[in-house]
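Some notes on the structure that comes next.
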Amino acid sequence: MRVIVEPTADAATRRAAAFLARQLAKKPDSVLGLATGGTVVGIYQELIRLHREQGLDFSQTTSFNLDEYVGLPTTHEQSYRRFMQQHLFDHVNIPAERTHVPDGLATDFETSCARYEWEIGQAGGIDLQLLGIGRDGHIAFNEPGSSLGSRTRLKTLARETIRDNARFFGSEEAVPRLAVTMGVGTILDSRRCLLVAVGDSKAEAVAATVEGPVTAQVTASALQLHRDVVVILDEASAAQLRRKDYYAEVEEAQTLLESGQLAALGIASS
Ligand code: F6R
């Protein structure tokens with residue numbers, strides 16, 4: 001796990017957007033896994049800016065969103081399809097037919113979830129999966145206790161998540177009780193994961209994810225089993241990490257390696 005701590009939330013957001021932009025520059029037909037929520041709004045704003053000002057191209061990109069509430073029409077203000085249209089898709093040149101959000105209005109969820117998994121496979125699998133994290137340590141809507149091998153399925157939202165998301169709905173009662181979500185296993189199949197967290201309300205979940213035991217009680221901790229995970233944090237969300245100094249040293253060594261300053265790392269020149 002590569003842990004990058006930026007001084008502010010803004011800097012963390014820009015760094016995350018730069019990661020996504022680099023992925024698209026390297027592989028324009030990338031399959032991106034996308035998230036919704038407060039954390040990613042600034043990341044999408046920065047991607048839109050890069051699209052407008054620097055020609056960041058989404059024309060060959062395919063996307064799969066992590067989750068969707070059950071029972072909300074796609075036009076509902078709080079549906080994740082609407083969120084994606086509003087915050088990203090309507091402002092970049094991604095072809096509409098290549099954007100995928102789980103179907104929260106399905107009549108047969110078993111079939112529609114299996115189809116979502118199949119579609120991800122047909123697209124060649126997810127190259128880079130963007131993730132936020134809940135205060136209870138969830139990724140997507142994989143609430144505490146979710147199987148670490150789980151696939152796309154229906155999930156009951158935890159009370160803590162309902163309380164957190166009530167700010168978007170006006171009241172707890174208005175928050176749907178169920179969601180369709182990619183499973184932890186689906187997420188772990190992505191080639192690369194990018195987890196972003198900002199703010200002190202995430203500090204405990206971040207520490208448990210990065211430095212705690214791998215446990216279904218903190219589903220983000222399953223990312224420790226993935227071979228290519230980048231975690232981008234601001235100082236506030238990194239506040240409870242015990243090995244912050246070491247992560248900074250790793251970043252410093254990485255920068256020296258990338259800029260060819262091998263002597264500084266004790267590597268003899270050939
Ligand atoms: C949403 C999702 C969730 C959020 C998480 C953090 O697609 O997958 O796991 O990433 O709940 O939400 P915010 O960013 O609103 O704190």
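Letters for chains follow the order of the structure tokens (A, B, ...), residue numbers begin at 1 for each chain, and ligand numbers begin at 1 in the order shown.
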Within 8 Å of ligand 1 (only C-alpha atoms and all ligand atoms), residues as a PyMOL selection string: chain A and resi 34-40+65-68+80+131-135+138-142+161+164-165+181+197+202
Nearest candidate to A:Thr186 (options A:Thr62, A:Ser150, A:Ser171, A:Gln217; using only C-alpha atoms):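 Between A:Thr62, A:Ser150, A:Ser171, A:Gln217, the residue approaching A:Thr186 most closely is A:Ser150.
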Residue with smallest distance to A:Ala11 - pool A:Ala174, A:Ile162, A:Ile43, A:Ala106, counting only C-alpha atoms: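 Comparing A:Ala174, A:Ile162, A:Ile43, A:Ala106 against A:Ala11, the winner is A:Ile43.
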Those of stretch 6-90 of chain A in DSSP strand (DSSP E or B), formatted as a ChimeraX atom specification: /A:6,31-34,62-65,67-69
Generate the output file for the selected residues, all heavy atoms, as a tab-separated table (two decimals), in the first residue's frame.
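Saved file again.tsv follows:
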```
chain	number	residue	atom	x	y	z
A	6	GLU	N	-1.06	14.52	1.88
A	6	GLU	CA	-0.93	15.89	1.39
A	6	GLU	C	-1.31	16.86	2.51
A	6	GLU	O	-2.09	16.50	3.40
A	6	GLU	CB	-1.86	16.11	0.19
A	6	GLU	CG	-1.46	15.32	-1.06
A	6	GLU	CD	-0.24	15.90	-1.77
A	6	GLU	OE1	0.17	17.03	-1.41
A	6	GLU	OE2	0.31	15.22	-2.65
A	31	VAL	N	-10.66	1.40	-18.31
A	31	VAL	CA	-11.94	1.15	-17.65
A	31	VAL	C	-11.77	1.69	-16.23
A	31	VAL	O	-10.94	1.20	-15.46
A	31	VAL	CB	-12.28	-0.35	-17.62
A	31	VAL	CG1	-13.59	-0.58	-16.90
A	31	VAL	CG2	-12.33	-0.91	-19.05
A	32	LEU	N	-12.53	2.73	-15.92
A	32	LEU	CA	-12.44	3.35	-14.60
A	32	LEU	C	-13.58	2.87	-13.71
A	32	LEU	O	-14.73	2.78	-14.16
A	32	LEU	CB	-12.51	4.88	-14.71
A	32	LEU	CG	-11.43	5.59	-15.51
A	32	LEU	CD1	-11.67	7.10	-15.48
A	32	LEU	CD2	-10.03	5.27	-14.96
A	33	GLY	N	-13.26	2.58	-12.46
A	33	GLY	CA	-14.30	2.35	-11.45
A	33	GLY	C	-14.49	3.68	-10.74
A	33	GLY	O	-13.52	4.29	-10.31
A	34	LEU	N	-15.73	4.14	-10.64
A	34	LEU	CA	-15.96	5.48	-10.08
A	34	LEU	C	-16.82	5.43	-8.83
A	34	LEU	O	-17.63	4.51	-8.65
A	34	LEU	CB	-16.60	6.38	-11.15
A	34	LEU	CG	-15.71	6.64	-12.38
A	34	LEU	CD1	-16.45	7.47	-13.41
A	34	LEU	CD2	-14.39	7.31	-11.99
A	62	THR	N	-14.30	3.86	-20.49
A	62	THR	CA	-15.50	3.17	-20.01
A	62	THR	C	-15.52	3.33	-18.50
A	62	THR	O	-14.47	3.34	-17.86
A	62	THR	CB	-15.43	1.67	-20.37
A	62	THR	OG1	-15.36	1.55	-21.79
A	62	THR	CG2	-16.64	0.90	-19.86
A	63	SER	N	-16.72	3.48	-17.91
A	63	SER	CA	-16.77	3.61	-16.45
A	63	SER	C	-17.83	2.70	-15.84
A	63	SER	O	-18.85	2.41	-16.47
A	63	SER	CB	-17.05	5.06	-16.06
A	63	SER	OG	-18.38	5.38	-16.35
A	64	PHE	N	-17.53	2.25	-14.65
A	64	PHE	CA	-18.48	1.47	-13.84
A	64	PHE	C	-18.54	2.09	-12.45
A	64	PHE	O	-17.50	2.18	-11.78
A	64	PHE	CB	-18.03	0.01	-13.73
A	64	PHE	CG	-18.21	-0.78	-14.99
A	64	PHE	CD1	-17.18	-0.85	-15.91
A	64	PHE	CD2	-19.41	-1.41	-15.27
A	64	PHE	CE1	-17.34	-1.55	-17.09
A	64	PHE	CE2	-19.58	-2.11	-16.45
A	64	PHE	CZ	-18.55	-2.19	-17.37
A	65	ASN	N	-19.71	2.51	-12.05
A	65	ASN	CA	-19.83	3.06	-10.70
A	65	ASN	C	-19.96	1.96	-9.66
A	65	ASN	O	-20.40	0.85	-9.94
A	65	ASN	CB	-21.00	4.03	-10.60
A	65	ASN	CG	-20.53	5.45	-10.75
A	65	ASN	OD1	-20.27	5.89	-11.87
A	65	ASN	ND2	-20.37	6.16	-9.65
A	67	ASP	N	-21.87	1.88	-6.89
A	67	ASP	CA	-23.12	1.57	-6.19
A	67	ASP	C	-24.26	2.50	-6.60
A	67	ASP	O	-24.05	3.51	-7.27
A	67	ASP	CB	-22.91	1.60	-4.67
A	67	ASP	CG	-22.00	2.76	-4.22
A	67	ASP	OD1	-21.85	3.73	-4.99
A	67	ASP	OD2	-21.47	2.70	-3.11
A	68	GLU	N	-25.45	2.12	-6.17
A	68	GLU	CA	-26.65	2.93	-6.42
A	68	GLU	C	-27.69	2.60	-5.36
A	68	GLU	O	-27.78	1.45	-4.90
A	68	GLU	CB	-27.21	2.62	-7.82
A	68	GLU	CG	-28.50	3.34	-8.21
A	68	GLU	CD	-28.38	4.89	-8.23
A	68	GLU	OE1	-28.37	5.46	-7.12
A	68	GLU	OE2	-28.31	5.47	-9.32
A	69	TYR	N	-28.42	3.62	-4.94
A	69	TYR	CA	-29.52	3.39	-4.00
A	69	TYR	C	-30.62	2.59	-4.67
A	69	TYR	O	-30.87	2.73	-5.88
A	69	TYR	CB	-30.11	4.72	-3.56
A	69	TYR	CG	-29.24	5.53	-2.64
A	69	TYR	CD1	-28.71	6.74	-3.05
A	69	TYR	CD2	-28.95	5.09	-1.35
A	69	TYR	CE1	-27.91	7.51	-2.20
A	69	TYR	CE2	-28.16	5.84	-0.50
A	69	TYR	CZ	-27.65	7.05	-0.93
A	69	TYR	OH	-26.87	7.80	-0.09
```
Non-local contacts of A:Asp200 (8 Å; only C-alpha atoms; under 3 positions in same chain excluded) as a list in words: Ala203, Ala236, Ser237, Ala238 and Ala239 of chain A
